[in-house]
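Student: Once you've had a glance at the structure underneath, I'll fire off some questions.
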There are 2 protein chains.
Amino acid sequence: MAGTKAKMTLEAALPPGQKPTLKTIAQMSGLAVPTVSRALNDAPDIGSQTKKLVRKIADDIGYVPNRAGVRLRTGRTNVISLIISTAHDNHTSRLIASVAAALDGTGFHLNVTPYRPNDDLMKPVKYIVETRSADALIINQIEPEDPRVAYLMERKVPFATHGRTKWADKHPFYDFDNEIFGRQAMAILANRNRKKVIVIAPPIAQNYSQEMIRGLSTTAVKHGIDLDILPGATSDDDVPTMLVAAQKALAADRSIDAIVTASSAAALAATAAFENMNRTLGKDVDVISKDSNSFLKIFRSELLTLPETVGAAGEFLARAVIQAIRNPELPPMHYLEVPSAPELE
Amino acid sequence: MAGTKAKMTLEAALPPGQKPTLKTIAQMSGLAVPTVSRALNDAPDIGSQTKKLVRKIADDIGYVPNRAGVRLRTGRTNVISLIISTAHDNHTSRLIASVAAALDGTGFHLNVTPYRPNDDLMKPVKYIVETRSADALIINQIEPEDPRVAYLMERKVPFATHGRTKWADKHPFYDFDNEIFGRQAMAILANRNRKKVIVIAPPIAQNYSQEMIRGLSTTAVKHGIDLDILPGATSDDDVPTMLVAAQKALAADRSIDAIVTASSAAALAATAAFENMNRTLGKDVDVISKDSNSFLKIFRSELLTLPETVGAAGEFLARAVIQAIRNPELPPMHYLEVPSAPELE
DNA sequence: AGTAAAGCCTATATCGATTTAGATTATCCT
DNA sequence: AGGATAATCTAAATCGATATAGGCTTTACT
């Protein structure tokens, strides 16, 4: 039977201006606080009538667990931490938006910790882990032997990466197949008879940069195309920096007839560089780029693009870390997005 | 004298694999836990020797307060919540980055809650306030009588807005003076003898949209220029949508000789629309835009731009909410960025 | 000397939730 | 009927930090 204690009304149990707690429900139902807790958590030793009653009261008064209380007692934070580089592209905001959307309704909150490109990579990760301020992490800008990944694996902290490491089979990741992108991009350029190509690559330390270059050079060799990496700027730099570097390269070598880029911003810079040298896009020269915005072609229909879907990444990464938290025994979730080259079909 | 209790070494006081707490320091120093707490918080009733000792131990063992403990006891979360719309521009990522940078070292964490443009504006705000999951909020996309602002002011929750309401003198804000932008933009167009102008405006509900239009139309009237708002798209829509709407307008009225836009993306769409109609930018027609990326002019030197600095906004907003938390009695911090029109000088 | 006032520290209770151990009642079996 | 066994629930302890009240010294003053 449900207790011998007196039941109370909401008004009697809840001081004005306060939020309902387990104690509120306990007083209203005449049950003990732990019973209420266990009922809400569907523990096996609570009667079904009691559970029903408790849940009804909780719903009626709009009870929401105090996250600090849960966290203090259990160590569970219900926070997913997205640690993200703040290079000025809008991958960033889209990734944030899609992770957040996927987390909606899961009870997890999204905490975003940006770091400047020149900061120590380990700092935010260590902080989150040491202060246990999140149940899981999502990181991007991955290096092949990323020290953050080593750190997180060793400590068995749930995480997922946007990009692959050499240990990628052992942890969840989402990645765009940049090697295939490189091969396809170069094949398209070969098709258009380009002979001398430069690439505005991401910082070379990052895995996707290396893969993209590998793909590009494999196919370049096959077709006898000359490939160079643009010195003096990476696709993480801002547009003016890339423009200056590209113009310098084009001035030094007039035979360059194509630029491959890894971002929309880089494609704009490459386009401007060619035009400032009075080269005609799509005729004398080509620019080919990954395009996650799909406005590149609107802006200049002569641009060559291969689509990349950033939204899918965030959604997948969110699901991947939740699985890593809840079912650590399951194999890590993997997804490799293969670019499709419409021009090749 | 510092207690009669036995002192302990770190190893004795701290179970392996655990993080140091106040208790650890208490055992190592022989002091009581509350004394340690008060010493670290520089309470006036703790001796300076004791404070020095406690702080040294804390530093040595790398003590960091457990945030759940603090939060549960005090209600302080040490979290600033940035609630941000996920329209696809890169204001977003820059704003996030600059708020985070300004928060660095303050002890506050940044929690980002994105919402989709069509979501209920109140939902995330209510959730944060009701679960008390942040000490302060920063919101953008402000309407003149923004219901979120009314809600937050009534509840006396510290917050700051990126944009102004009609109650702006009573709450912290950072804003770009869009009315002056509108006047300057139109003055420049008048100078260039444009007669029929359309504007790709932000959603009309938002305050900055109304201000911009007010500025534009004031000056348009003065110079006898015809001004219309582009139907069918706002500057929050994606580039293809804006392009289609702009092209439709240009086709319907060949006399349109200038487009004013509120974002870089809109400027790209406007440019493409004119060019698809075979109009020559800077000669037959003009596009004038706010430019927070400074790559617009690189991309097309004929574009007219007025600079906007988003980075300053985040930094200011962060300081503004911290002041609102710590010194609620002080007048709210305000900043109005006045655009400078290089072309006018 | 005796008492008051600082100065400095400790003991206890508390925030909200959960875990563990223990208590109570009803049920079942021989 | 007696005793074991389930089925349900309650009591107490705990996570880490801090607010409040109170205790013990030492110094100061009459």
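Just so we're on the same page: first chain in the structure tokens is A, next is B, and so on; residues restart at 1 for each chain, and ligands are numbered from 1 in the order they show up.
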Near chain D, which residues of chain A fall within 7 Å when you count only C-alpha atoms (C1' of nucleotides), and what do they look like as a VMD selection string?
Tutor: chain A and resid 32 35 45 to 47 72 to 73
Student: Which parts of segment 60-226 of chain B does DSSP call strand (DSSP E or B) when run on the backbone here, written out as number ranges by chain?
Tutor: B: 79-85, 109-115, 136-139, 159-162, 173-176, 196-200, 226
Student: How far is it from atom CA of Leu216 of chain A to atom CA of Ala185 of chain A, in Å with one decimal?
Tutor: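 Separating atom CA of Leu216 of chain A from atom CA of Ala185 of chain A is a distance of 7.3 Å.
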Student: Where does chain A meet chain B within 9 Å, residue by residue, with the nearest atom pair and distance in Å to one decimal for each, counting only C-alpha atoms, listed by chain and rising number, as a Markdown table?
Tutor:
```
| residue | atom | partner | partner_atom | distance |
| --- | --- | --- | --- | --- |
| A:Lys19 | CA | B:Glu130 | CA | 8.0 |
| A:Val64 | CA | B:Thr131 | CA | 7.5 |
| A:Pro65 | CA | B:Thr131 | CA | 8.5 |
| A:Asn66 | CA | B:Thr131 | CA | 7.2 |
| A:Arg67 | CA | B:Thr131 | CA | 8.1 |
| A:Ala68 | CA | B:Ala68 | CA | 4.8 |
| A:Gly69 | CA | B:Leu72 | CA | 6.2 |
| A:Val70 | CA | B:Ala68 | CA | 8.6 |
| A:Arg71 | CA | B:Ala68 | CA | 6.1 |
| A:Leu72 | CA | B:Ala68 | CA | 5.4 |
| A:Gly75 | CA | B:Ala68 | CA | 9.0 |
| A:Thr77 | CA | B:Ala68 | CA | 8.8 |
| A:Ser85 | CA | B:Ala97 | CA | 8.7 |
| A:Thr86 | CA | B:Ala97 | CA | 6.1 |
| A:Ala87 | CA | B:Ser93 | CA | 8.4 |
| A:His88 | CA | B:Arg94 | CA | 6.9 |
| A:Asp89 | CA | B:Asn90 | CA | 6.4 |
| A:Asn90 | CA | B:Asn90 | CA | 5.1 |
| A:His91 | CA | B:Asn90 | CA | 8.7 |
| A:Thr92 | CA | B:Ser93 | CA | 6.0 |
| A:Ser93 | CA | B:Ser93 | CA | 5.4 |
| A:Arg94 | CA | B:His88 | CA | 7.0 |
| A:Ile96 | CA | B:Pro114 | CA | 7.4 |
| A:Ala97 | CA | B:Pro114 | CA | 5.9 |
| A:Ala100 | CA | B:Pro114 | CA | 6.6 |
| A:Ala101 | CA | B:Tyr115 | CA | 8.0 |
| A:His109 | CA | B:Thr113 | CA | 8.2 |
| A:Leu110 | CA | B:Val112 | CA | 6.6 |
| A:Asn111 | CA | B:Asn111 | CA | 4.6 |
| A:Val112 | CA | B:Asn111 | CA | 5.8 |
| A:Thr113 | CA | B:Leu110 | CA | 6.8 |
| A:Pro114 | CA | B:Ala97 | CA | 5.9 |
| A:Tyr115 | CA | B:Ala97 | CA | 7.5 |
| A:Arg116 | CA | B:Ala97 | CA | 7.8 |
| A:Glu130 | CA | B:Lys19 | CA | 8.1 |
| A:Thr131 | CA | B:Asn66 | CA | 7.2 |
| A:Arg132 | CA | B:Asn66 | CA | 8.9 |
| A:Ser133 | CA | B:Arg67 | CA | 8.2 |
| A:Asp238 | CA | B:Phe295 | CA | 8.6 |
| A:Val239 | CA | B:Phe295 | CA | 6.2 |
| A:Pro240 | CA | B:Phe295 | CA | 7.0 |
| A:Leu243 | CA | B:Ile298 | CA | 8.4 |
| A:Ala265 | CA | B:Phe295 | CA | 8.8 |
| A:Leu268 | CA | B:Phe299 | CA | 6.6 |
| A:Ala269 | CA | B:Phe299 | CA | 7.3 |
| A:Thr271 | CA | B:Phe299 | CA | 7.9 |
| A:Ala272 | CA | B:Phe299 | CA | 5.7 |
| A:Asn293 | CA | B:Val239 | CA | 8.8 |
| A:Ser294 | CA | B:Pro240 | CA | 8.4 |
| A:Phe295 | CA | B:Val239 | CA | 6.1 |
| A:Ile298 | CA | B:Ala272 | CA | 6.8 |
| A:Phe299 | CA | B:Ala272 | CA | 5.7 |
| A:Arg300 | CA | B:Ala272 | CA | 8.0 |
```
Student: Got a sec to pull out which chain C residues are within 9 Å of chain A, counting only C-alpha atoms (C1' of nucleotides), and send them as a PDB file with N, CA and C atoms (P, O5', C5', C4', C3', O3' and C1' of nucleotides), in the first residue's frame?
Tutor:
```pdb
ATOM      1  P    DC C  15      17.568  21.805   1.369  1.00  0.00           P
ATOM      2  O5'  DC C  15      18.156  21.913  -0.107  1.00  0.00           O
ATOM      3  C5'  DC C  15      18.541  23.170  -0.656  1.00  0.00           C
ATOM      4  C4'  DC C  15      19.407  22.930  -1.875  1.00  0.00           C
ATOM      5  C3'  DC C  15      18.880  21.799  -2.759  1.00  0.00           C
ATOM      6  O3'  DC C  15      18.131  22.366  -3.829  1.00  0.00           O
ATOM      7  C1'  DC C  15      21.267  21.621  -2.387  1.00  0.00           C
ATOM      8  P    DG C  16      16.687  21.661  -4.120  1.00  0.00           P
ATOM      9  O5'  DG C  16      17.076  20.300  -4.845  1.00  0.00           O
ATOM     10  C5'  DG C  16      17.552  20.362  -6.175  1.00  0.00           C
ATOM     11  C4'  DG C  16      17.910  18.973  -6.639  1.00  0.00           C
ATOM     12  C3'  DG C  16      16.757  17.975  -6.609  1.00  0.00           C
ATOM     13  O3'  DG C  16      16.721  17.374  -7.889  1.00  0.00           O
ATOM     14  C1'  DG C  16      18.654  17.066  -5.508  1.00  0.00           C
ATOM     15  P    DA C  17      15.674  16.273  -8.253  1.00  0.00           P
ATOM     16  O5'  DA C  17      16.537  14.931  -8.251  1.00  0.00           O
ATOM     17  C5'  DA C  17      17.565  14.813  -9.211  1.00  0.00           C
ATOM     18  C4'  DA C  17      18.503  13.688  -8.841  1.00  0.00           C
ATOM     19  C3'  DA C  17      17.870  12.302  -8.831  1.00  0.00           C
ATOM     20  O3'  DA C  17      18.402  11.582  -9.934  1.00  0.00           O
ATOM     21  C1'  DA C  17      19.298  12.679  -6.934  1.00  0.00           C
ATOM     22  P    DT C  18      17.922  10.114 -10.227  1.00  0.00           P
ATOM     23  O5'  DT C  18      18.901   9.226  -9.329  1.00  0.00           O
ATOM     24  C5'  DT C  18      20.288   9.278  -9.589  1.00  0.00           C
ATOM     25  C4'  DT C  18      21.017   8.390  -8.611  1.00  0.00           C
ATOM     26  C3'  DT C  18      20.579   6.935  -8.586  1.00  0.00           C
ATOM     27  O3'  DT C  18      21.757   6.168  -8.599  1.00  0.00           O
ATOM     28  C1'  DT C  18      20.598   7.784  -6.404  1.00  0.00           C
ATOM     29  P    DT C  25       3.655  -3.822   8.725  1.00  0.00           P
ATOM     30  O5'  DT C  25       3.003  -4.606   7.507  1.00  0.00           O
ATOM     31  C5'  DT C  25       2.840  -3.937   6.249  1.00  0.00           C
ATOM     32  C4'  DT C  25       2.718  -4.953   5.141  1.00  0.00           C
ATOM     33  C3'  DT C  25       1.696  -6.057   5.408  1.00  0.00           C
ATOM     34  O3'  DT C  25       0.603  -5.880   4.521  1.00  0.00           O
ATOM     35  C1'  DT C  25       3.676  -6.896   4.384  1.00  0.00           C
TER      36       DT C  25
END
```
Student: Residues within 12 Å of Leu53 of chain B, please, as a VMD selection string. Count only C-alpha atoms (C1' of nucleotides); anything in the same chain fewer than 2 positions from it doesn't count.
Tutor: chain B and resid 2 25 to 26 28 to 31 35 to 36 39 to 40 46 to 51 55 to 60
Student: Based on the selection just made, write N, CA and C atoms of those residues as a PDB file, in the first residue's frame.
Tutor:
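Result written to selection_12.pdb:
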```pdb
ATOM      1  N   ALA B   2      46.909  25.985  12.868  1.00  0.00           N
ATOM      2  CA  ALA B   2      46.202  25.225  11.834  1.00  0.00           C
ATOM      3  C   ALA B   2      45.846  23.807  12.263  1.00  0.00           C
ATOM      4  N   ILE B  25      42.210  18.285   0.025  1.00  0.00           N
ATOM      5  CA  ILE B  25      43.031  19.381   0.541  1.00  0.00           C
ATOM      6  C   ILE B  25      42.907  19.461   2.058  1.00  0.00           C
ATOM      7  N   ALA B  26      41.682  19.234   2.542  1.00  0.00           N
ATOM      8  CA  ALA B  26      41.452  19.291   3.985  1.00  0.00           C
ATOM      9  C   ALA B  26      42.316  18.260   4.696  1.00  0.00           C
ATOM     10  N   MET B  28      45.045  16.820   3.578  1.00  0.00           N
ATOM     11  CA  MET B  28      46.474  17.084   3.424  1.00  0.00           C
ATOM     12  C   MET B  28      46.951  18.218   4.324  1.00  0.00           C
ATOM     13  N   SER B  29      46.041  19.169   4.581  1.00  0.00           N
ATOM     14  CA  SER B  29      46.455  20.337   5.365  1.00  0.00           C
ATOM     15  C   SER B  29      46.115  20.174   6.839  1.00  0.00           C
ATOM     16  N   GLY B  30      45.246  19.233   7.158  1.00  0.00           N
ATOM     17  CA  GLY B  30      44.797  19.090   8.527  1.00  0.00           C
ATOM     18  C   GLY B  30      43.699  20.077   8.892  1.00  0.00           C
ATOM     19  N   LEU B  31      43.185  20.783   7.896  1.00  0.00           N
ATOM     20  CA  LEU B  31      42.113  21.749   8.147  1.00  0.00           C
ATOM     21  C   LEU B  31      40.748  21.110   7.879  1.00  0.00           C
ATOM     22  N   THR B  35      36.782  25.295   5.924  1.00  0.00           N
ATOM     23  CA  THR B  35      37.900  26.241   6.009  1.00  0.00           C
ATOM     24  C   THR B  35      38.631  26.309   4.674  1.00  0.00           C
ATOM     25  N   VAL B  36      38.835  25.141   4.107  1.00  0.00           N
ATOM     26  CA  VAL B  36      39.511  25.096   2.813  1.00  0.00           C
ATOM     27  C   VAL B  36      38.688  25.856   1.777  1.00  0.00           C
ATOM     28  N   ALA B  39      38.941  29.527   2.408  1.00  0.00           N
ATOM     29  CA  ALA B  39      40.286  30.026   2.094  1.00  0.00           C
ATOM     30  C   ALA B  39      40.415  30.245   0.593  1.00  0.00           C
ATOM     31  N   LEU B  40      39.955  29.268  -0.172  1.00  0.00           N
ATOM     32  CA  LEU B  40      40.074  29.387  -1.626  1.00  0.00           C
ATOM     33  C   LEU B  40      39.207  30.520  -2.158  1.00  0.00           C
ATOM     34  N   ILE B  46      39.462  34.087   7.316  1.00  0.00           N
ATOM     35  CA  ILE B  46      40.494  33.049   7.253  1.00  0.00           C
ATOM     36  C   ILE B  46      41.866  33.733   7.274  1.00  0.00           C
ATOM     37  N   GLY B  47      42.767  33.213   8.086  1.00  0.00           N
ATOM     38  CA  GLY B  47      44.100  33.812   8.229  1.00  0.00           C
ATOM     39  C   GLY B  47      44.900  33.751   6.940  1.00  0.00           C
ATOM     40  N   SER B  48      45.767  34.724   6.767  1.00  0.00           N
ATOM     41  CA  SER B  48      46.485  34.798   5.492  1.00  0.00           C
ATOM     42  C   SER B  48      47.472  33.640   5.336  1.00  0.00           C
ATOM     43  N   GLN B  49      48.031  33.167   6.445  1.00  0.00           N
ATOM     44  CA  GLN B  49      48.927  32.007   6.367  1.00  0.00           C
ATOM     45  C   GLN B  49      48.155  30.800   5.847  1.00  0.00           C
ATOM     46  N   THR B  50      46.994  30.610   6.454  1.00  0.00           N
ATOM     47  CA  THR B  50      46.151  29.484   6.056  1.00  0.00           C
ATOM     48  C   THR B  50      45.793  29.562   4.582  1.00  0.00           C
ATOM     49  N   LYS B  51      45.402  30.759   4.159  1.00  0.00           N
ATOM     50  CA  LYS B  51      45.042  30.913   2.752  1.00  0.00           C
ATOM     51  C   LYS B  51      46.196  30.529   1.843  1.00  0.00           C
ATOM     52  N   ARG B  55      46.051  27.461  -0.767  1.00  0.00           N
ATOM     53  CA  ARG B  55      46.190  27.720  -2.201  1.00  0.00           C
ATOM     54  C   ARG B  55      47.376  26.979  -2.798  1.00  0.00           C
ATOM     55  N   LYS B  56      48.420  26.862  -1.992  1.00  0.00           N
ATOM     56  CA  LYS B  56      49.599  26.161  -2.513  1.00  0.00           C
ATOM     57  C   LYS B  56      49.283  24.692  -2.758  1.00  0.00           C
ATOM     58  N   ILE B  57      48.647  24.081  -1.754  1.00  0.00           N
ATOM     59  CA  ILE B  57      48.279  22.672  -1.930  1.00  0.00           C
ATOM     60  C   ILE B  57      47.360  22.507  -3.136  1.00  0.00           C
ATOM     61  N   ALA B  58      46.365  23.396  -3.222  1.00  0.00           N
ATOM     62  CA  ALA B  58      45.406  23.308  -4.329  1.00  0.00           C
ATOM     63  C   ALA B  58      46.140  23.368  -5.669  1.00  0.00           C
ATOM     64  N   ASP B  59      47.055  24.312  -5.775  1.00  0.00           N
ATOM     65  CA  ASP B  59      47.814  24.429  -7.020  1.00  0.00           C
ATOM     66  C   ASP B  59      48.637  23.172  -7.273  1.00  0.00           C
ATOM     67  N   ASP B  60      49.308  22.716  -6.210  1.00  0.00           N
ATOM     68  CA  ASP B  60      50.202  21.559  -6.372  1.00  0.00           C
ATOM     69  C   ASP B  60      49.469  20.335  -6.895  1.00  0.00           C
TER      70      ASP B  60
END
```
Student: For Ala190 of chain B, find every residue with an atom within 9 Å (counting only C-alpha atoms (C1' of nucleotides)), except residues of its own chain fewer than 5 positions away, and show them as a VMD selection string.
Tutor: chain B and resid 185 195 219 to 220 223 to 225
Student: Which value, in Å to one decimal, gives the distance between atom CA of Arg214 of chain A and atom CA of Asp253 of chain A?
Tutor: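 Atom CA of Asp253 of chain A lies 23.0 Å from atom CA of Arg214 of chain A.
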Student: Please compute the atom CA of Arg164 of chain A-atom CA of Val287 of chain A distance, one decimal, in Å.
Tutor: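 It comes out at 26.5 Å.
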Student: Just the residues within 10 Å of segment 288-292 of chain B, please, counting only C-alpha atoms (C1' of nucleotides), with nothing from its chain fewer than 2 positions along; format it as a short mmCIF file (atom, residue, chain, number, x, y, z; two decimals) with N, CA and C atoms, in the first residue's frame.
Tutor:
```cif
data_model
loop_
_atom_site.label_atom_id
_atom_site.label_comp_id
_atom_site.auth_asym_id
_atom_site.auth_seq_id
_atom_site.Cartn_x
_atom_site.Cartn_y
_atom_site.Cartn_z
N ASN B 90 28.12 32.62 -42.09
CA ASN B 90 29.17 32.36 -41.14
C ASN B 90 29.37 33.47 -40.12
N HIS B 91 28.37 34.32 -40.02
CA HIS B 91 28.26 35.10 -38.81
C HIS B 91 28.30 34.15 -37.63
N ARG B 94 31.55 32.77 -36.43
CA ARG B 94 32.42 33.81 -35.90
C ARG B 94 31.94 34.35 -34.58
N ASN B 178 21.84 49.71 -38.36
CA ASN B 178 21.36 49.38 -39.70
C ASN B 178 20.62 50.53 -40.36
N PHE B 181 23.35 52.41 -41.87
CA PHE B 181 23.79 51.63 -43.04
C PHE B 181 22.84 51.88 -44.21
N GLY B 182 21.55 51.84 -43.92
CA GLY B 182 20.57 52.05 -44.98
C GLY B 182 20.73 53.43 -45.62
N ALA B 185 24.04 53.51 -47.62
CA ALA B 185 23.96 52.71 -48.84
C ALA B 185 23.15 53.45 -49.90
N MET B 186 22.03 54.01 -49.47
CA MET B 186 21.19 54.70 -50.44
C MET B 186 21.86 55.97 -50.95
N ILE B 188 25.00 56.41 -51.39
CA ILE B 188 25.99 56.00 -52.38
C ILE B 188 25.31 55.70 -53.71
N LEU B 189 24.16 55.03 -53.64
CA LEU B 189 23.44 54.71 -54.88
C LEU B 189 22.93 55.98 -55.56
N VAL B 199 15.63 45.81 -52.33
CA VAL B 199 16.45 45.37 -51.20
C VAL B 199 16.11 43.92 -50.85
N ILE B 200 17.16 43.11 -50.71
CA ILE B 200 16.96 41.76 -50.18
C ILE B 200 17.08 41.90 -48.67
N ALA B 258 19.66 48.70 -59.11
CA ALA B 258 20.51 48.46 -57.95
C ALA B 258 19.82 47.53 -56.96
N ILE B 259 20.64 46.73 -56.27
CA ILE B 259 20.11 45.87 -55.21
C ILE B 259 20.92 46.13 -53.95
N VAL B 260 20.21 46.33 -52.85
CA VAL B 260 20.86 46.47 -51.55
C VAL B 260 20.68 45.15 -50.81
N THR B 261 21.73 44.67 -50.19
CA THR B 261 21.60 43.39 -49.47
C THR B 261 22.18 43.50 -48.07
N ALA B 262 21.71 42.58 -47.22
CA ALA B 262 22.11 42.62 -45.81
C ALA B 262 23.13 41.55 -45.47
N SER B 263 23.55 40.77 -46.44
CA SER B 263 24.52 39.72 -46.14
C SER B 263 25.36 39.41 -47.36
N SER B 264 26.50 38.81 -47.13
CA SER B 264 27.40 38.47 -48.22
C SER B 264 26.74 37.49 -49.18
N ALA B 265 26.02 36.53 -48.61
CA ALA B 265 25.38 35.54 -49.47
C ALA B 265 24.35 36.21 -50.37
N ALA B 266 23.60 37.14 -49.80
CA ALA B 266 22.61 37.84 -50.61
C ALA B 266 23.29 38.65 -51.71
N ALA B 267 24.45 39.20 -51.40
CA ALA B 267 25.16 39.97 -52.41
C ALA B 267 25.60 39.07 -53.56
N LEU B 268 26.02 37.85 -53.23
CA LEU B 268 26.38 36.91 -54.29
C LEU B 268 25.17 36.61 -55.16
N ALA B 270 22.53 38.46 -55.61
CA ALA B 270 22.16 39.65 -56.37
C ALA B 270 23.07 39.82 -57.58
N THR B 271 24.36 39.59 -57.34
CA THR B 271 25.33 39.71 -58.43
C THR B 271 25.01 38.72 -59.55
N ASP B 286 24.22 48.34 -59.83
CA ASP B 286 25.07 48.20 -58.65
C ASP B 286 24.48 47.21 -57.65
N SER B 294 34.71 40.45 -45.92
CA SER B 294 35.73 41.16 -46.67
C SER B 294 36.28 40.32 -47.81
N PHE B 295 35.52 39.33 -48.26
CA PHE B 295 36.00 38.69 -49.48
C PHE B 295 35.11 39.07 -50.66
N LEU B 296 34.05 39.76 -50.37
CA LEU B 296 33.17 40.16 -51.46
C LEU B 296 33.91 40.98 -52.51
N LYS B 297 34.69 41.94 -52.03
CA LYS B 297 35.37 42.81 -52.98
C LYS B 297 36.48 42.09 -53.74
N GLU B 302 33.83 45.28 -58.29
CA GLU B 302 32.81 46.28 -58.60
C GLU B 302 31.72 46.33 -57.54
N LEU B 303 31.70 45.36 -56.66
CA LEU B 303 30.70 45.36 -55.60
C LEU B 303 30.95 46.52 -54.64
N LEU B 304 29.87 47.10 -54.15
CA LEU B 304 30.00 48.16 -53.15
C LEU B 304 29.77 47.54 -51.78
N THR B 305 30.64 47.84 -50.84
CA THR B 305 30.48 47.21 -49.52
C THR B 305 30.67 48.22 -48.40
N LEU B 306 30.02 47.91 -47.28
CA LEU B 306 30.23 48.66 -46.04
C LEU B 306 30.62 47.62 -44.99
N PRO B 307 31.73 47.80 -44.35
CA PRO B 307 32.22 46.76 -43.44
C PRO B 307 31.39 46.63 -42.17
N GLU B 308 31.31 45.40 -41.67
CA GLU B 308 30.69 45.13 -40.36
C GLU B 308 31.61 44.18 -39.62
N THR B 309 31.85 44.45 -38.36
CA THR B 309 32.79 43.60 -37.62
C THR B 309 32.03 42.72 -36.64
N VAL B 310 31.94 41.45 -36.99
CA VAL B 310 31.18 40.54 -36.13
C VAL B 310 31.97 40.14 -34.89
N GLY B 311 33.27 40.05 -35.03
CA GLY B 311 34.09 39.62 -33.90
C GLY B 311 33.91 40.49 -32.68
N PRO B 339 28.38 52.15 -38.99
CA PRO B 339 29.11 51.78 -40.20
C PRO B 339 29.81 53.00 -40.78
#
```
Student: I'd like the contact shell of Asp175 of chain A - 6 Å cut-off, only C-alpha atoms (C1' of nucleotides), skipping same-chain residues fewer than 4 positions apart - returned as a PyMOL selection string.
Tutor: chain A and resi 162-163+336
